[in-house]
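*Asks:* Quick one: the structure is below, questions incoming.
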Amino acid sequence: MFKIEKFIYDLNPRKGMKELKPGMKHELTVEVTPDMTASKFVKGTPNVFATAAMVALIEQTCKDMTQPYLERGQTTVGTRINASHIAATPVGMRVTARAELIEIDRRRLEFRVEVFDEVEKISDAEHTRFIINIARFEEKTMKKLERVR
């Protein structure tokens, strides 16, 4: 009986979400370094803040917002992003991502994110993350590898 109750409890999508609420906001600022430039990701491109690095900043900002509200052993993973990258940012300039949690649907979290450098807005984005149990997620992922060996 205890195992079944625990199993049901572990599947409860609201577990750990007691305090997560739409309207929550979080921001994260980084300084653009040479390893964050487009030329580090794609050969023959300029030494400006890369879209790939911007997406990582968006993901980190949203994850950092939610992590304090999750149970031990839980985290979030990104499953969708729709982002513009409308202005270039040079190495040495600071970039800030400002995220707002706009919707919670069971384990699915929807965010709206704006990214600014020290001069102007450089991105508007929508991002989806799901709350997961890390151990179960990694176990399931490793089983995928076993299927090809």
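The way I read the labels, and the way they are meant: chains A, B, ... in the order of the structure tokens, residue 1 as the first residue of every chain, and ligand 1 as the first ligand shown, with later ones counted on from there.
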Which neighbours of A:Ser123 fall inside 8 Å, counting only C-alpha atoms, when residues of the same chain fewer than 2 positions from it are skipped, and could you give them as a ChimeraX atom specification?

*Replies:* /A:83-87,113-116,121,125

*Asks:* Please write the residues from the selection above to a file, keeping N, CA and C atoms, as a PDB file, in the first residue's frame.

*Replies:*
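New file result10.pdb:
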ATOM      1  N   ALA A  83      12.397  32.569 -30.232  1.00  0.00           N
ATOM      2  CA  ALA A  83      13.099  33.800 -29.866  1.00  0.00           C
ATOM      3  C   ALA A  83      13.555  34.563 -31.104  1.00  0.00           C
ATOM      4  N   SER A  84      13.443  35.862 -31.027  1.00  0.00           N
ATOM      5  CA  SER A  84      14.054  36.732 -32.029  1.00  0.00           C
ATOM      6  C   SER A  84      15.429  37.123 -31.504  1.00  0.00           C
ATOM      7  N   HIS A  85      16.319  37.504 -32.416  1.00  0.00           N
ATOM      8  CA  HIS A  85      17.610  38.077 -32.012  1.00  0.00           C
ATOM      9  C   HIS A  85      17.795  39.284 -32.920  1.00  0.00           C
ATOM     10  N   ILE A  86      17.392  40.449 -32.422  1.00  0.00           N
ATOM     11  CA  ILE A  86      17.179  41.613 -33.288  1.00  0.00           C
ATOM     12  C   ILE A  86      18.284  42.663 -33.249  1.00  0.00           C
ATOM     13  N   ALA A  87      19.299  42.472 -32.401  1.00  0.00           N
ATOM     14  CA  ALA A  87      20.403  43.433 -32.357  1.00  0.00           C
ATOM     15  C   ALA A  87      21.668  42.731 -31.875  1.00  0.00           C
ATOM     16  N   VAL A 113      10.047  36.141 -22.135  1.00  0.00           N
ATOM     17  CA  VAL A 113      11.372  36.646 -21.779  1.00  0.00           C
ATOM     18  C   VAL A 113      11.767  37.772 -22.738  1.00  0.00           C
ATOM     19  N   GLU A 114      12.315  38.821 -22.168  1.00  0.00           N
ATOM     20  CA  GLU A 114      12.928  39.896 -22.953  1.00  0.00           C
ATOM     21  C   GLU A 114      14.404  39.933 -22.585  1.00  0.00           C
ATOM     22  N   VAL A 115      15.246  40.197 -23.578  1.00  0.00           N
ATOM     23  CA  VAL A 115      16.680  40.279 -23.337  1.00  0.00           C
ATOM     24  C   VAL A 115      17.157  41.645 -23.814  1.00  0.00           C
ATOM     25  N   PHE A 116      17.969  42.293 -22.975  1.00  0.00           N
ATOM     26  CA  PHE A 116      18.484  43.624 -23.262  1.00  0.00           C
ATOM     27  C   PHE A 116      19.994  43.638 -23.104  1.00  0.00           C
ATOM     28  N   LYS A 121      16.924  46.599 -26.519  1.00  0.00           N
ATOM     29  CA  LYS A 121      16.366  45.254 -26.479  1.00  0.00           C
ATOM     30  C   LYS A 121      16.986  44.454 -27.614  1.00  0.00           C
ATOM     31  N   ALA A 125      11.213  36.580 -26.459  1.00  0.00           N
ATOM     32  CA  ALA A 125      11.162  35.121 -26.532  1.00  0.00           C
ATOM     33  C   ALA A 125       9.989  34.564 -25.739  1.00  0.00           C
TER      34      ALA A 125
END

*Asks:* List every residue of stretch 56-102 of chain A that DSSP, applied to the backbone, labels as strand (DSSP E or B), and write the result as a PyMOL selection string.

*Replies:* chain A and resi 74-83+90+94-102

*Asks:* Any idea what's packed within 9 Å of A:Thr66, counting only C-alpha atoms, ignoring anything in its chain fewer than 6 positions away? Could you give it as a PyMOL selection string?

*Replies:* chain A and resi 17+20+75-76+101

*Asks:* Using only C-alpha atoms for the distances, tell me which of A:Arg98, A:Lys25, A:Arg129, A:Lys40 is nearest to A:Lys63.

*Replies:*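 Once distances to A:Lys63 are computed over only C-alpha atoms, the minimum belongs to A:Arg129.
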
*Asks:* Taking only C-alpha atoms into account, name the residue in A:Glu110, A:Glu118, A:Asp35, A:Glu139 that is nearest to A:Thr89.

*Replies:*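 Going through A:Glu110, A:Glu118, A:Asp35, A:Glu139 one by one, the smallest distance to A:Thr89 is for A:Glu118.
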
*Asks:* Excluding same-chain residues fewer than 5 positions from A:Arg80, what lies within 9 Å of it counting only C-alpha atoms, as a list in words?

*Replies:*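 What passes the distance filter is Glu126, His127, Thr128 and Arg129 of chain A.
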
*Asks:* Write the residues of the preceding selection, restricted to N, CA and C atoms, as a JSON list (two decimals), in the first residue's frame.

*Replies:*
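After the write, again_13.json holds the following:
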[["chain", "number", "residue", "atom", "x", "y", "z"],
["A", 126, "GLU", "N", 9.55, 33.39, -26.18],
["A", 126, "GLU", "CA", 8.62, 32.56, -25.43],
["A", 126, "GLU", "C", 9.33, 31.24, -25.19],
["A", 127, "HIS", "N", 9.20, 30.71, -23.97],
["A", 127, "HIS", "CA", 9.95, 29.51, -23.61],
["A", 127, "HIS", "C", 9.07, 28.59, -22.78],
["A", 128, "THR", "N", 9.15, 27.29, -23.07],
["A", 128, "THR", "CA", 8.40, 26.28, -22.32],
["A", 128, "THR", "C", 9.39, 25.37, -21.61],
["A", 129, "ARG", "N", 9.11, 25.07, -20.35],
["A", 129, "ARG", "CA", 9.91, 24.13, -19.57],
["A", 129, "ARG", "C", 8.97, 23.15, -18.89]]

*Asks:* Which residue, A:Met24, A:Ala53, A:Val30, A:Val48, has the smallest gap to A:Val91 when you use only C-alpha atoms?

*Replies:*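 Going through A:Met24, A:Ala53, A:Val30, A:Val48 one by one, the smallest distance to A:Val91 is for A:Val48.
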
*Asks:* Residues of chain A classed as helix (DSSP H, G or I) by DSSP on the backbone are to be reported as number ranges by chain.

*Replies:* A: 2-11, 34-36, 38-41, 51-69, 134-146

*Asks:* My list of candidates is A:Asp117, A:Gln74, A:Arg112, A:Ala99. Which is closest to A:Arg136 when distances are computed with only C-alpha atoms?

*Replies:*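 Of all the options, A:Gln74 lies closest to A:Arg136.
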
*Asks:* If we count only C-alpha atoms and set the cut-off at 9 Å, which residues sit around A:Glu103, ignoring sequence neighbours fewer than 3 positions away in its own chain? Please answer as a list in words.

*Replies:*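 Counting only C-alpha atoms, the residues come to Lys21, Pro22, Gly23, Arg108, Leu109, Glu110 and Phe111 of chain A.
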
*Asks:* For the selection you just gave me, I'd like the residues written to a file as a PDB file, in the first residue's frame, keeping C-alpha atoms.

*Replies:*
ATOM      1  CA  LYS A  21       2.499  31.406  -9.607  1.00  0.00           C
ATOM      2  CA  PRO A  22       1.968  33.171 -12.913  1.00  0.00           C
ATOM      3  CA  GLY A  23       3.347  36.680 -12.723  1.00  0.00           C
ATOM      4  CA  ARG A 108       4.387  22.585 -18.019  1.00  0.00           C
ATOM      5  CA  LEU A 109       5.650  26.111 -17.367  1.00  0.00           C
ATOM      6  CA  GLU A 110       5.332  28.903 -19.945  1.00  0.00           C
ATOM      7  CA  PHE A 111       7.566  31.980 -19.852  1.00  0.00           C
TER       8      PHE A 111
END

*Asks:* Skip stretch 36-38 of chain A itself and residues of its chain fewer than 3 positions away, then list as a list in words all residues within 7 Å of it, counting only C-alpha atoms.

*Replies:*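 The filter keeps Val32, Thr33, Phe41, Val42, Thr45, Pro46, Asn47, Val48, Phe49, Ala50 and Ala53 of chain A.
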
*Asks:* Would you write out those residues with C-alpha atoms, as a CSV table (one decimal), in the first residue's frame?

*Replies:*
chain,number,residue,atom,x,y,z
A,32,VAL,CA,29.5,38.8,-23.0
A,33,THR,CA,32.8,37.0,-23.1
A,41,PHE,CA,29.6,28.3,-32.5
A,42,VAL,CA,29.6,28.9,-36.2
A,45,THR,CA,30.6,34.6,-38.2
A,46,PRO,CA,31.2,37.8,-36.2
A,47,ASN,CA,32.6,38.1,-32.7
A,48,VAL,CA,29.2,39.2,-31.2
A,49,PHE,CA,26.9,37.7,-28.6
A,50,ALA,CA,25.7,34.4,-30.2
A,53,ALA,CA,24.5,31.9,-25.9

*Asks:* Take atom CA of A:Cys62 and atom CA of A:Ala135 and report the distance between them in Å, one decimal.

*Replies:*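 For atom CA of A:Cys62 relative to atom CA of A:Ala135, the distance reads 20.9 Å.
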